[in-house]
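*Asks:* One structure, pasted below without further comment.
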Amino acid sequence: MLPLIPWPTEVTQPAAPALELAAVRIDAPDAALAELVAEQFAAAGVPVAETDAVPFTLRLDAAAGPEGSDSPERYTLQVGGGAISATAAEPVGLLHAARSLRQLVVRAADGAPAGTHPTVPAVVVHDAPRFRWRGLSFDVVRHWFGPDDIRAVIDLVAAFKFRVLHLHLTDDQGWRIEIPSRPELEKASDNQVGGGSAGYLTVGDYRDLQAYAAARHVTIVPEFDMPGHVNAATHVYGGLTSDGVATDAYDGIEVGFSRLWFDNPATEPFVRDVVGDLARMTDGAWVHVGGDEVLTMERDEFARFVDLAQRIVREHGKTPIFWQEGARGPVEPGTLLQYWEPKGEDLDRFVAAAQAGARFIMSPGDHAYLDMKYTAEHPLGLQWAGFVELRDSYEWEPTEVIAGLPAEAVEGVSAAVWTETLTTRDELFSMLLPRLGAVAEVAWTAGDAKDFDGFTRRTAAQAPAWRSAGWAYHPTPQVAW
């Protein structure tokens, strides 16, 4: 089986020999794409050259992809006859084709005779994703992960053809992005779990990260979590509390104790400043405004917060996203709700929200939360959603998570990783890999084309590339490494 993750829509292997890649010559529609494709080959040990090289031609063609697909991400990849070609409806599809090709390249074995080159099998791939929204939610608050770490995560999600990196930028412990209208926020609320000072993204950092992601066809979605998870804000601005007294800095991991007060005169100006600045800095179409785990607020007050946040986001030309609790408010058509766990929720409320035009991103904690422990013995992670092994991240169906929800209301899938127990990039990546590949396949591949045993074999085949890239991973016993 070819080591492709996520598994494509259609794969055909002609009876032809593998193609030897001493070097490749890239013919792409623009220089930026050619540079990204060259990076894919460099990672596989294949140099780019103008002569004595296998031609790799990339062209835009509306006829690319599986028959009948109208996905803007559809592509066709062909290897054979001494050449490689990729066609796609849009540039993102050409990059998807290059990523698939990168996974197919077999490097020369250690100790191989001099002059032995990487190879790629003869193949024809017609491919397109199942869901448009394929993302990762990444907490950079509980423990700080800076711009270099975020770039590494962008590279990782792009390799699996994800399109969204959702950055959880605010929480009880700290505020991780510069807000020009409220400069005290990021400077005076820089705590993290276990104590110690953390960093934050400047406006310039954030813009650079968005550009880096956009070049790889990944969109950054920022989150300001409210009206709960706001201790970092109330620590800086005591006027946001019920008694006007600033809260203490917090370095624990409990949730649900902090909140804003809707009728406090300081609240709406604060929300407008923060959401407005965040929206103006953001190139993408979405702003996430949280809404989860507000445990001490009456539903009527919470609904007014949902309405306010939704209006402010839309005033700035963006689409609002809430965690699933947003369904308790008056959601408008097109608003996105991110499902994460069913406890204490009236599932009929989700169905009603879908009927009102809301759409759902599926991030069920017992499948897609990649900060859950693999097993009871695993040293990292939490376990409130149970233990999440590789099979758990693979074997679930997004349209069946919420009983009664119309399948067409599912916008897509997002994995999530929270960093209460994660302090280094290696720890982070070891929780993401190999489970992120499983979620990628849930989001991309039709359910009837999925096969866990085949997935584990493909995962094992990709491990050398992960090691070469410096990506730590957990050697789960569910894979024959």
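Convention: chains lettered A, B, ... in structure tokens order; per-chain residue numbering from 1; ligands numbered from 1 as shown.
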Please provide the set of residues having any atom within 12 Å of A:His96, restricted to only C-alpha atoms, with same-chain residues fewer than 2 positions apart removed, written as a count of residues only.

*Replies:* 47

*Asks:* Can you work out the spacing between atom CA of A:Leu278 and atom CA of A:Leu336 in Å, to one decimal?

*Replies:* 17.8 Å

*Asks:* Could you write out, as a ChimeraX atom specification, all the residues of stretch 373-479 of chain A that DSSP marks as helix (DSSP H, G or I)?

*Replies:* /A:390-394,398-400,407-409,425-432,435-444,447-449,452-469

*Asks:* Of the candidates A:Ala465, A:Met372, A:Val313, A:Ala49, which shows the shortest atom-to-atom distance to A:Ala23, using only C-alpha atoms?

*Replies:*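 Closest residue, counting only C-alpha atoms: A:Ala49.
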
*Asks:* Within 9 Å of A:His143, counting only C-alpha atoms, which residues qualify if same-chain residues fewer than 6 places away don't, as a JSON list (two decimals) with C-alpha atoms, in the first residue's frame?

*Replies:*
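And here's around.json as it stands now:
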```
[["chain", "number", "residue", "atom", "x", "y", "z"],
["A", 173, "GLN", "CA", -3.14, 32.37, 32.88],
["A", 191, "ASN", "CA", 1.81, 34.03, 33.59],
["A", 192, "GLN", "CA", 1.63, 30.34, 32.62],
["A", 193, "VAL", "CA", 0.83, 27.02, 34.27],
["A", 194, "GLY", "CA", 3.26, 26.34, 37.09],
["A", 198, "ALA", "CA", 5.77, 33.84, 29.18],
["A", 418, "TRP", "CA", -4.16, 21.97, 25.06],
["A", 419, "THR", "CA", -0.87, 22.56, 26.80],
["A", 420, "GLU", "CA", -1.42, 22.29, 30.55],
["A", 421, "THR", "CA", 1.16, 19.46, 30.68],
["A", 422, "LEU", "CA", 3.22, 20.29, 27.58],
["A", 423, "THR", "CA", 6.26, 22.55, 27.88],
["A", 424, "THR", "CA", 8.53, 21.71, 24.91]]
```

*Asks:* Quick one: residues within 12 Å of A:Pro17, only C-alpha atoms counted, chain neighbours fewer than 3 positions away excluded, as a CSV table (one decimal) with C-alpha atoms, in the first residue's frame?

*Replies:*
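out.csv written:
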```csv
chain,number,residue,atom,x,y,z
A,13,GLN,CA,-0.8,2.0,-9.8
A,14,PRO,CA,0.2,1.2,-13.4
A,20,GLU,CA,14.5,7.3,-10.1
A,79,VAL,CA,4.0,9.7,-12.1
A,80,GLY,CA,5.3,7.6,-15.0
A,81,GLY,CA,7.0,7.7,-18.4
A,82,GLY,CA,10.0,9.5,-17.1
A,119,THR,CA,12.6,6.7,-6.2
A,120,VAL,CA,8.9,7.3,-6.6
A,121,PRO,CA,6.4,4.7,-7.7
A,122,ALA,CA,4.4,5.0,-10.9
A,123,VAL,CA,1.0,6.2,-9.8
```

*Asks:* One decimal, Å: what's the distance from atom CA of A:Val11 over to atom CA of A:Ala409, could you say?

*Replies:*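 Those two atoms sit 29.1 Å apart.
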
*Asks:* So, with only C-alpha atoms as the atoms that count, which of A:Leu308, A:Ala327, A:Leu370, A:Ala15 lies closest to A:Ala385?

*Replies:*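 Closest residue, counting only C-alpha atoms: A:Leu370.
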
*Asks:* Excluding A:Val274 and residues on its chain fewer than 4 positions from it, collect all residues at most 12 Å away from it, counting only C-alpha atoms, and give them as a VMD selection string.

*Replies:* chain A and resid 169 to 170 175 177 to 186 222 to 226 233 267 to 270 278 to 281 287 289 309 312 to 313 316

*Asks:* If we count only C-alpha atoms and set the cut-off at 8 Å, which residues sit around A:Pro147, ignoring sequence neighbours fewer than 5 positions away in its own chain? Please answer as a list of chain:residue names.

*Replies:*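 The filter keeps A:Leu201, A:Asp205, A:Leu209.
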
*Asks:* May I have the residues from that selection written out with C-alpha atoms, as a PDB file, in the first residue's frame?

*Replies:*
```pdb
ATOM      1  CA  LEU A 201       3.014  37.704  19.771  1.00  0.00           C
ATOM      2  CA  ASP A 205       4.863  38.469  14.751  1.00  0.00           C
ATOM      3  CA  LEU A 209       2.874  34.057  10.967  1.00  0.00           C
TER       4      LEU A 209
END
```

*Asks:* Here is a test: counting only C-alpha atoms, which residue of A:Ser414, A:Ser137, A:Thr202, A:Asn231 is nearest to A:Lys187?

*Replies:*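 Answer, going by the shortest atom-to-atom distance: A:Thr202.
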
*Asks:* Please tabulate, as a Markdown table, the residues of stretch 259-378 of chain A that come within 7 Å of stretch 238-245 of chain A, each with its closest pair of atoms and the distance in Å to one decimal, counting only C-alpha atoms and ordering rows by chain, then residue number upward.

*Replies:*
```
| residue | atom | partner | partner_atom | distance |
| --- | --- | --- | --- | --- |
| A:Leu260 | CA | A:Leu240 | CA | 6.4 |
| A:Trp261 | CA | A:Ser242 | CA | 6.8 |
| A:Asn264 | CA | A:Leu240 | CA | 7.0 |
| A:Ala266 | CA | A:Leu240 | CA | 5.9 |
| A:Thr267 | CA | A:Leu240 | CA | 6.1 |
```

*Asks:* Near A:Pro3, within 10 Å and counting only C-alpha atoms, which residues show up once chain neighbours fewer than 4 positions away are dropped, as a list in words?

*Replies:*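 In the requested format, the answer is Trp7, Ser100, Gln103, Leu104, Val105, Val106, Gly454, Phe455, Thr456, Arg457, Arg458, Thr459, Ala460, Ala461 and Gln462 of chain A.
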
*Asks:* Could you take the residues named above and write them with C-alpha atoms, as a JSON list (two decimals), in the first residue's frame?

*Replies:*
```
[["chain", "number", "residue", "atom", "x", "y", "z"],
["A", 7, "TRP", "CA", -5.74, 8.44, 1.86],
["A", 100, "SER", "CA", 1.33, 13.67, -1.76],
["A", 103, "GLN", "CA", 5.06, 11.17, 0.93],
["A", 104, "LEU", "CA", 5.61, 8.77, -1.98],
["A", 105, "VAL", "CA", 9.33, 9.41, -2.37],
["A", 106, "VAL", "CA", 11.42, 6.51, -1.07],
["A", 454, "GLY", "CA", -3.89, 0.13, 6.31],
["A", 455, "PHE", "CA", -3.55, 3.47, 8.08],
["A", 456, "THR", "CA", -1.15, 2.02, 10.65],
["A", 457, "ARG", "CA", 1.05, 0.59, 7.88],
["A", 458, "ARG", "CA", 1.10, 3.95, 6.13],
["A", 459, "THR", "CA", 1.91, 5.65, 9.43],
["A", 460, "ALA", "CA", 4.90, 3.36, 9.99],
["A", 461, "ALA", "CA", 6.13, 4.14, 6.48],
["A", 462, "GLN", "CA", 6.01, 7.89, 7.21]]
```
